[in-house]
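Colleague: upload_24.cif is reproduced in full below (mmCIF, C-alpha atoms and all ligand atoms).
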data_structure
#
loop_
_atom_site.label_atom_id
_atom_site.label_comp_id
_atom_site.auth_asym_id
_atom_site.auth_seq_id
_atom_site.Cartn_x
_atom_site.Cartn_y
_atom_site.Cartn_z
CA MET A 1 0.00 0.00 0.00
CA ARG A 2 1.31 3.43 -0.87
CA ARG A 3 2.27 5.87 1.86
CA GLY A 4 -0.28 8.37 0.51
CA SER A 5 -3.13 5.86 0.88
CA ILE A 6 -2.18 5.13 4.49
CA ILE A 7 -2.19 8.85 5.28
CA GLN A 8 -5.62 9.26 3.63
CA LEU A 9 -7.07 6.24 5.51
CA THR A 10 -5.70 7.53 8.79
CA ALA A 11 -7.10 11.00 8.17
CA ILE A 12 -10.63 9.67 7.46
CA GLY A 13 -10.43 7.43 10.53
CA LEU A 14 -9.34 10.32 12.77
CA VAL A 15 -12.19 12.55 11.54
CA ALA A 16 -14.78 9.79 12.10
CA GLY A 17 -13.31 9.07 15.54
CA ALA A 18 -13.30 12.76 16.47
CA ILE A 19 -16.98 13.18 15.49
CA CYS A 20 -17.97 10.09 17.49
CA THR A 21 -15.95 11.18 20.50
CA ALA A 22 -17.56 14.63 20.40
CA VAL A 23 -21.07 13.07 20.32
CA ALA A 24 -20.13 10.73 23.19
CA LEU A 25 -18.72 13.49 25.37
CA ALA A 26 -20.91 16.50 24.54
CA ILE A 27 -24.24 14.85 25.38
CA PRO A 28 -24.79 13.78 29.01
CA TRP A 29 -25.96 10.24 28.20
CA LEU A 30 -25.70 8.95 31.75
CA PRO A 31 -27.10 10.35 34.99
CA VAL A 32 -24.79 11.25 37.87
CA ALA A 33 -23.26 8.11 39.39
CA GLY A 34 -24.63 8.34 42.93
CA GLY A 35 -23.32 4.99 44.16
CA GLN A 36 -20.29 2.71 43.97
CA GLU A 37 -22.17 0.23 41.78
CA ALA A 38 -23.27 3.00 39.40
CA GLY A 39 -19.65 4.14 39.08
CA ARG A 40 -18.61 0.62 38.03
CA ILE A 41 -21.50 0.27 35.60
CA HIS A 42 -20.58 3.63 34.04
CA PHE A 43 -17.01 2.37 33.66
CA VAL A 44 -18.29 -0.62 31.66
CA TYR A 45 -20.33 1.75 29.47
CA TRP A 46 -17.30 3.92 28.74
CA PHE A 47 -14.94 0.96 28.26
CA THR A 48 -17.35 -0.44 25.63
CA THR A 49 -17.94 2.98 24.07
CA VAL A 50 -14.21 3.62 23.56
CA ILE A 51 -13.83 0.24 21.85
CA ALA A 52 -16.90 0.94 19.71
CA ILE A 53 -15.53 4.32 18.62
CA CYS A 54 -12.20 2.73 17.59
CA VAL A 55 -13.94 -0.02 15.60
CA PHE A 56 -16.30 2.51 13.98
CA SER A 57 -13.37 4.74 12.97
CA VAL A 58 -11.46 1.89 11.30
CA VAL A 59 -14.55 0.58 9.46
CA THR A 60 -15.58 4.08 8.35
CA ALA A 61 -12.05 4.85 7.10
CA VAL A 62 -11.90 1.69 4.95
CA LEU A 63 -15.48 2.15 3.70
CA VAL A 64 -15.19 5.84 2.75
CA TYR A 65 -11.72 5.30 1.23
CA SER A 66 -12.95 2.34 -0.89
CA VAL A 67 -16.11 4.06 -2.11
CA TRP A 68 -14.13 7.09 -3.11
CA LYS A 69 -10.93 5.46 -4.44
CA PHE A 70 -12.39 2.45 -6.27
CA ARG A 71 -15.58 3.99 -7.62
CA ALA A 72 -16.49 3.14 -11.25
CA GLY A 73 -16.08 5.82 -13.92
CA PRO A 74 -19.20 7.33 -15.56
CA ASP A 75 -19.23 4.93 -18.58
CA ASP A 76 -17.44 1.98 -16.97
CA ASP A 77 -19.71 -1.10 -17.36
CA SER A 78 -16.90 -3.64 -16.98
CA ASP A 79 -16.69 -6.23 -14.20
CA GLY A 80 -14.31 -5.74 -11.31
CA PRO A 81 -11.26 -8.01 -10.95
CA PRO A 82 -12.00 -11.47 -9.43
CA THR A 83 -10.89 -11.54 -5.77
CA HIS A 84 -10.59 -14.69 -3.65
CA GLY A 85 -10.35 -13.60 -0.04
CA HIS A 86 -7.23 -12.81 1.91
CA THR A 87 -6.42 -15.36 4.62
CA GLN A 88 -4.12 -13.13 6.67
CA LEU A 89 -6.61 -10.27 6.65
CA GLU A 90 -9.44 -12.61 7.68
CA ILE A 91 -7.42 -13.98 10.58
CA VAL A 92 -6.70 -10.43 11.74
CA TRP A 93 -10.32 -9.22 11.52
CA THR A 94 -11.52 -12.28 13.40
CA ALA A 95 -8.84 -12.22 16.08
CA ILE A 96 -9.13 -8.52 17.00
CA PRO A 97 -12.93 -8.55 17.63
CA ALA A 98 -12.55 -11.84 19.56
CA VAL A 99 -10.02 -10.16 21.85
CA LEU A 100 -12.22 -7.07 22.28
CA VAL A 101 -15.39 -9.04 23.04
CA THR A 102 -13.47 -11.19 25.53
CA ALA A 103 -12.13 -8.06 27.22
CA ILE A 104 -15.67 -6.63 27.53
CA SER A 105 -16.90 -9.95 28.98
CA ILE A 106 -14.12 -10.04 31.58
CA VAL A 107 -14.66 -6.43 32.66
CA SER A 108 -18.46 -6.98 32.85
CA ALA A 109 -18.06 -10.19 34.87
CA ILE A 110 -15.77 -8.45 37.38
CA VAL A 111 -18.21 -5.52 37.76
CA LEU A 112 -21.18 -7.89 38.10
CA ALA A 113 -19.39 -9.81 40.86
CA GLN A 114 -18.32 -6.64 42.68
CA ASN A 115 -21.81 -5.12 42.42
CA GLY A 116 -23.36 -8.22 43.98
CA HIS A 117 -21.02 -8.07 46.98
CA ALA A 118 -22.80 -6.75 50.08
CA GLY A 119 -19.88 -6.91 52.51
CA THR A 120 -20.17 -8.41 56.00
CA ASN A 121 -22.65 -5.97 57.56
CA PRO A 122 -25.14 -4.67 54.99
CA LEU A 123 -28.26 -2.74 55.93
CA VAL A 124 -31.05 -5.06 54.76
CA ILE A 125 -34.28 -3.34 53.69
CA LYS A 126 -37.38 -5.14 52.46
CA VAL A 127 -38.88 -3.59 49.34
CA GLU A 128 -42.49 -4.42 48.48
CA ALA A 129 -43.99 -3.20 45.23
CA ARG A 130 -47.72 -2.96 44.70
CA GLN A 131 -50.04 -1.22 42.26
CA PHE A 132 -48.96 1.61 42.46
CA ALA A 133 -46.68 2.26 45.36
CA TRP A 134 -43.49 1.20 47.12
CA LYS A 135 -43.13 0.06 50.71
CA PHE A 136 -39.73 -0.01 52.40
CA THR A 137 -39.42 -1.95 55.66
CA TYR A 138 -36.40 -1.43 57.93
CA PRO A 139 -34.71 -4.01 60.23
CA ASN A 140 -36.59 -2.57 63.26
CA GLY A 141 -39.92 -3.28 61.53
CA THR A 142 -40.93 0.27 60.60
CA SER A 143 -42.07 0.89 57.03
CA PHE A 144 -42.24 3.93 54.82
CA GLY A 145 -43.39 4.91 51.37
CA THR A 146 -40.05 6.54 50.64
CA LEU A 147 -36.54 5.17 51.06
CA THR A 148 -33.96 6.74 53.39
CA LEU A 149 -30.37 5.48 53.24
CA PRO A 150 -27.06 6.25 54.90
CA GLN A 151 -24.21 7.40 52.71
CA GLY A 152 -21.29 5.00 52.31
CA ARG A 153 -22.87 1.80 53.65
CA HIS A 154 -23.73 -1.32 51.65
CA VAL A 155 -27.50 -1.65 51.46
CA LYS A 156 -29.05 -4.95 50.46
CA LEU A 157 -32.55 -4.61 49.08
CA ASP A 158 -34.81 -7.66 49.41
CA ILE A 159 -37.31 -7.01 46.63
CA THR A 160 -40.71 -8.61 46.11
CA ALA A 161 -44.20 -7.69 44.86
CA ASP A 162 -47.73 -8.15 46.20
CA ASP A 163 -49.69 -8.29 42.96
CA VAL A 164 -48.03 -8.09 39.53
CA ILE A 165 -44.44 -7.72 38.29
CA HIS A 166 -42.86 -4.34 38.97
CA SER A 167 -39.22 -3.29 38.76
CA PHE A 168 -37.12 -1.23 41.16
CA TRP A 169 -34.82 1.39 39.69
CA VAL A 170 -33.01 4.49 40.85
CA PRO A 171 -31.34 5.87 37.70
CA GLN A 172 -28.48 7.50 39.64
CA LEU A 173 -27.76 4.26 41.51
CA SER A 174 -27.93 2.19 38.27
CA GLN A 175 -28.83 -1.17 39.85
CA LYS A 176 -32.20 -2.38 38.54
CA GLN A 177 -34.17 -5.39 39.72
CA ASP A 178 -37.59 -6.91 38.99
CA ALA A 179 -40.11 -7.18 41.83
CA VAL A 180 -41.89 -10.51 41.31
CA PRO A 181 -44.81 -11.85 43.41
CA GLY A 182 -43.74 -14.86 45.51
CA GLN A 183 -40.07 -14.35 44.81
CA HIS A 184 -37.26 -12.45 46.57
CA ASN A 185 -34.70 -10.71 44.39
CA PHE A 186 -31.70 -8.90 45.83
CA ILE A 187 -29.57 -5.98 44.80
CA VAL A 188 -26.81 -4.12 46.61
CA ILE A 189 -26.50 -0.34 46.49
CA THR A 190 -23.86 1.76 48.20
CA PRO A 191 -24.72 5.46 47.96
CA THR A 192 -21.75 7.80 47.70
CA HIS A 193 -23.55 11.18 47.45
CA ILE A 194 -25.81 12.98 49.92
CA ALA A 195 -28.78 13.60 47.64
CA THR A 196 -32.39 12.86 46.81
CA TYR A 197 -33.07 10.69 43.78
CA PRO A 198 -36.29 9.31 42.26
CA VAL A 199 -37.34 5.68 42.72
CA VAL A 200 -38.94 4.55 39.48
CA CYS A 201 -41.06 1.54 38.60
CA THR A 202 -39.62 0.38 35.31
CA GLU A 203 -41.96 -2.50 34.44
CA LEU A 204 -45.37 -1.74 32.91
CA CYS A 205 -47.65 -2.76 35.78
CA GLY A 206 -51.02 -1.18 35.10
CA LEU A 207 -52.89 2.09 34.91
CA GLY A 208 -50.73 3.93 37.44
CA HIS A 209 -47.35 2.60 36.25
CA ALA A 210 -46.07 5.98 35.05
CA LEU A 211 -46.87 7.49 38.44
CA MET A 212 -45.46 4.65 40.51
CA ARG A 213 -42.66 6.77 41.81
CA SER A 214 -41.14 7.43 45.16
CA GLN A 215 -37.83 8.87 46.28
CA VAL A 216 -34.65 7.91 48.04
CA ASP A 217 -33.08 10.35 50.50
CA ILE A 218 -29.41 9.69 51.13
CA LEU A 219 -28.24 11.13 54.44
CA ALA A 220 -24.82 11.50 56.07
CA PRO A 221 -24.26 8.55 58.47
CA ALA A 222 -24.82 10.72 61.59
CA ASP A 223 -28.04 12.20 60.15
CA TYR A 224 -29.21 8.73 59.25
CA GLU A 225 -28.66 7.50 62.83
CA LYS A 226 -30.63 10.51 64.05
CA TRP A 227 -33.42 9.71 61.57
CA VAL A 228 -33.55 6.11 62.84
CA ALA A 229 -33.52 7.24 66.49
CA GLN A 230 -36.49 9.51 65.77
CA GLY A 231 -38.35 6.61 64.21
CA GLY A 232 -38.24 8.09 60.74
CA THR A 233 -40.18 11.03 59.37
CA ALA A 234 -43.54 9.29 59.43
CA SER A 235 -43.67 9.36 63.25
CA SER A 236 -43.82 13.13 63.31
CA GLY A 237 -47.34 14.17 62.40
CA PRO A 238 -50.72 12.54 62.95
CA PRO A 239 -50.80 8.71 63.19
CA GLY A 240 -53.00 8.56 60.09
CA LEU A 241 -50.22 10.18 58.05
CA ALA A 242 -47.90 7.25 58.79
CA VAL A 243 -50.56 4.78 57.63
CA PHE A 244 -51.15 6.91 54.52
CA GLN A 245 -47.41 6.92 53.71
CA GLN A 246 -46.79 3.26 54.52
CA ASN A 247 -49.56 2.12 52.21
CA GLY A 248 -48.43 4.28 49.35
CA CYS A 249 -51.70 6.23 49.04
CA ALA A 250 -49.69 9.19 47.75
CA GLY A 251 -48.76 7.19 44.66
CA CYS A 252 -52.28 7.58 43.28
CA HIS A 253 -54.07 10.30 45.27
CA THR A 254 -53.74 14.00 45.87
CA PHE A 255 -54.14 14.92 49.54
CA LYS A 256 -52.79 18.28 50.62
CA PRO A 257 -52.26 17.52 54.35
CA ALA A 258 -49.89 14.67 53.32
CA LEU A 259 -48.28 16.69 50.49
CA ALA A 260 -49.51 13.95 48.14
CA THR A 261 -49.97 14.85 44.50
CA GLY A 262 -50.91 11.58 42.73
CA ASN A 263 -53.67 11.73 40.14
CA VAL A 264 -54.39 8.11 39.22
CA GLY A 265 -57.27 8.05 41.68
CA PRO A 266 -59.70 10.70 42.96
CA ASN A 267 -58.45 13.80 44.77
CA LEU A 268 -58.93 13.25 48.51
CA ASP A 269 -59.08 16.93 49.37
CA ASN A 270 -62.82 17.04 48.54
CA LEU A 271 -63.99 13.91 50.35
CA ALA A 272 -66.90 15.60 52.14
CA GLN A 273 -68.38 16.72 48.83
CA GLU A 274 -67.60 13.37 47.22
CA ALA A 275 -69.39 11.52 50.04
CA LYS A 276 -72.50 13.65 49.52
CA GLN A 277 -72.41 13.00 45.77
CA ALA A 278 -71.93 9.26 46.26
CA ASN A 279 -74.78 9.18 48.76
CA ARG A 280 -73.43 6.11 50.53
CA GLY A 281 -73.85 7.11 54.18
CA ALA A 282 -71.80 9.19 56.59
CA LEU A 283 -68.36 10.51 55.69
CA ASP A 284 -66.41 8.05 57.90
CA ALA A 285 -68.37 5.08 56.59
CA PHE A 286 -67.91 6.24 53.01
CA ILE A 287 -64.14 6.62 53.45
CA LYS A 288 -63.82 3.23 55.12
CA GLU A 289 -65.84 1.51 52.40
CA SER A 290 -63.77 3.25 49.71
CA ILE A 291 -60.58 1.80 51.24
CA VAL A 292 -61.65 -1.77 52.03
CA LYS A 293 -64.14 -2.18 49.17
CA PRO A 294 -63.15 0.39 46.56
CA GLN A 295 -65.25 -1.28 43.85
CA ALA A 296 -68.47 -0.48 45.77
CA TYR A 297 -68.46 3.08 44.48
CA ILE A 298 -66.31 4.31 41.59
CA ALA A 299 -65.98 8.08 41.41
CA PRO A 300 -67.15 9.51 38.06
CA GLY A 301 -64.31 9.60 35.54
CA PHE A 302 -62.29 6.83 37.24
CA THR A 303 -62.03 3.06 36.84
CA ASP A 304 -61.82 0.17 39.30
CA ALA A 305 -58.05 0.57 39.57
CA MET A 306 -57.51 0.59 43.33
CA PRO A 307 -56.39 -2.75 44.86
CA HIS A 308 -59.20 -4.59 46.70
CA THR A 309 -56.73 -5.86 49.29
CA PHE A 310 -56.30 -2.95 51.71
CA GLY A 311 -59.08 -4.34 53.94
CA THR A 312 -56.92 -7.34 54.79
CA GLN A 313 -53.57 -5.51 54.65
CA ILE A 314 -54.26 -2.65 57.04
CA PRO A 315 -54.93 -3.71 60.66
CA PRO A 316 -58.27 -2.40 62.04
CA ASP A 317 -56.71 0.17 64.40
CA LYS A 318 -54.51 1.58 61.64
CA LEU A 319 -57.48 1.64 59.29
CA GLN A 320 -59.41 3.67 61.86
CA GLN A 321 -56.49 6.15 62.12
CA LEU A 322 -56.39 6.48 58.36
CA VAL A 323 -60.15 7.04 58.05
CA GLN A 324 -60.05 9.74 60.75
CA TYR A 325 -57.03 11.37 59.17
CA LEU A 326 -58.73 11.54 55.75
CA ALA A 327 -62.07 12.66 57.22
CA LYS A 328 -60.33 15.49 59.10
CA GLY A 329 -58.56 16.66 55.97
CA ALA A 330 -61.86 16.77 54.15
CU1 LIG B 1 -45.18 -0.80 39.19
CU2 LIG B 1 -44.82 -0.13 36.92
#
Mind converting the file's structure to structure tokens?
Ligand code: CUA

Modeller:
Amino acid sequence: MRRGSIIQLTAIGLVAGAICTAVALAIPWLPVAGGQEAGRIHFVYWFTTVIAICVFSVVTAVLVYSVWKFRAGPDDDSDGPPTHGHTQLEIVWTAIPAVLVTAISIVSAIVLAQNGHAGTNPLVIKVEARQFAWKFTYPNGTSFGTLTLPQGRHVKLDITADDVIHSFWVPQLSQKQDAVPGQHNFIVITPTHIATYPVVCTELCGLGHALMRSQVDILAPADYEKWVAQGGTASSGPPGLAVFQQNGCAGCHTFKPALATGNVGPNLDNLAQEAKQANRGALDAFIKESIVKPQAYIAPGFTDAMPHTFGTQIPPDKLQQLVQYLAKGA
């Protein structure tokens, strides 16, 4: 091959590589890596991306050079010269991708193993998904609708579902895991930043799927200990608020006293008026029926989307607290 051709090939390859690199770097494709596992996963992404840019540059250089250099003249109807492969070249273009793919596999396997490692003393939190809310239960038995984690500690999430398949995902923490009824799936997350990130359901699970969101608050270790000592945020405020939060009511309903803004189900700020409209007895009785037997009366404009299981899930005393809390708000 002539020296001129090599220079031309190299030039095309460098231009293609530069364009790709600019696209890769200029656009923020990935969220902030808020945990150790996310950092490793991002490393795999970049490791693969760099390899892909190199391969793309070489292929583009050869393609553009060939199209331009060996193009047929305007009136050239003749056949090209017969070519019968090139053994050395074929060995090279098989061996190099094999090495690259093997390298990606090894790096991925190492990251997968590291990301599954929970250390000797992880904080184990039970995660229950349900249409359309999350419930996080701590080792001391308290549960919340939002997740609060200490910075810098391995957290092992024990994930399951009550009804259909959901999937737990915090984009900034990268680890993603399906929540399957009757099955316990585990992931490890180790937050590195003090921040608040969204918890997203990432498996189509029904009418309220898009709104099945919660949040994770990552606190400094000392603040986290304080939060635990105070029994978590749900203990401050009326007892009904804790029941409201633990059962994920905020995932579907708007209720100002609880700062809830869901809109899958009816707005609970106008319950007194709603009860009158429904004409199904006193306000307390109407609220209770709507929780334990939601199909008995469907508010105009809504469907029978609320789970029919709260009657058996919420103990009677808690149910009473919740009814009073909602009645008071109305
Ligand atoms: Cu739960 Cu989508």

Colleague: Could you jot down the atom CA of Gly35 of chain A to atom CA of Thr202 of chain A separation for me, Å, one decimal place?

Modeller: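 Rounded to one decimal, the two atoms are 19.1 Å apart.
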
Colleague: Mind listing as an MDAnalysis selection string all residues within 10 Å of (-17.7, -2.4, 30.0), counting all atoms listed in the file?

Modeller: chainID A and resid 40:51 101 103:111

Colleague: Record the distance separating atom CA of Trp169 of chain A and atom CA of Thr312 of chain A, expressed in Å with one decimal.

Modeller: 28.2 Å

Colleague: I'd like the interatomic distance between atom CA of Arg280 of chain A and atom CA of Ala327 of chain A, to a tenth of an Å.

Modeller: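 These atoms are spaced 14.7 Å apart.
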
Colleague: Please identify every polymer residue within 6 Å of ligand LIG 1 (chain B), using all atoms listed in the file, and present the set as a ChimeraX atom specification.

Modeller: /A:131-132,166,201-205,209,212

Colleague: Within 8 Å of (-64.4, 13.5, 52.6), in the coordinates the file gives, what residues turn up when you count only C-alpha atoms, written out as a count of residues only?

Modeller: 16

Colleague: Looking at only C-alpha atoms, which of A:Ser5, A:Thr190, A:Ser174, A:Thr102 is the one that sits closest to Ala118 of chain A?

Modeller: A:Thr190

Colleague: Using only C-alpha atoms, find the one residue out of A:Gly232, A:Gly145, A:Gly240, A:Pro181 that sits nearest to Arg213 of chain A.

Modeller: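 Answer, going by the shortest atom-to-atom distance: A:Gly145.
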
Colleague: Smallest atom-to-atom distance to Val124 of chain A: which of A:Glu289, A:Asp163, A:Asp158, A:Glu90, using all atoms listed in the file?

Modeller: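 Once distances to Val124 of chain A are computed over all atoms listed in the file, the minimum belongs to A:Asp158.
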
Colleague: Of the candidates A:Ala299, A:Ile314, A:Leu259, A:Ile53, which shows the shortest atom-to-atom distance to Leu25 of chain A, using all atoms listed in the file?

Modeller: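 Using all atoms listed in the file, Leu25 of chain A sits closest to A:Ile53.
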
Colleague: Near segment 55-66 of chain A, counting all atoms listed in the file, which residues have an atom at most 9 Å away, once you skip same-chain residues fewer than 3 positions from it, shown as a PyMOL selection string?

Modeller: chain A and resi 5+8-18+20+50-52+69-71+97

Colleague: Enclose segment 56-72 of chain A, meaning all of its atoms listed in the file, in a box aligned along x, y and z, pad it by 6 Å on each side, and list the centre and edge lengths in Å to one decimal, as lines of an AutoDock Vina configuration file.

Modeller:
center_x = -13.7
center_y = 3.8
center_z = 1.4
size_x = 17.6
size_y = 18.5
size_z = 37.2

Colleague: Between A:Gln88, A:Ser78, A:Ser143, A:Gln114, which residue has the minimum interatomic distance to Phe244 of chain A, considering all atoms listed in the file?

Modeller: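 Closest to Phe244 of chain A, using all atoms listed in the file: A:Ser143.
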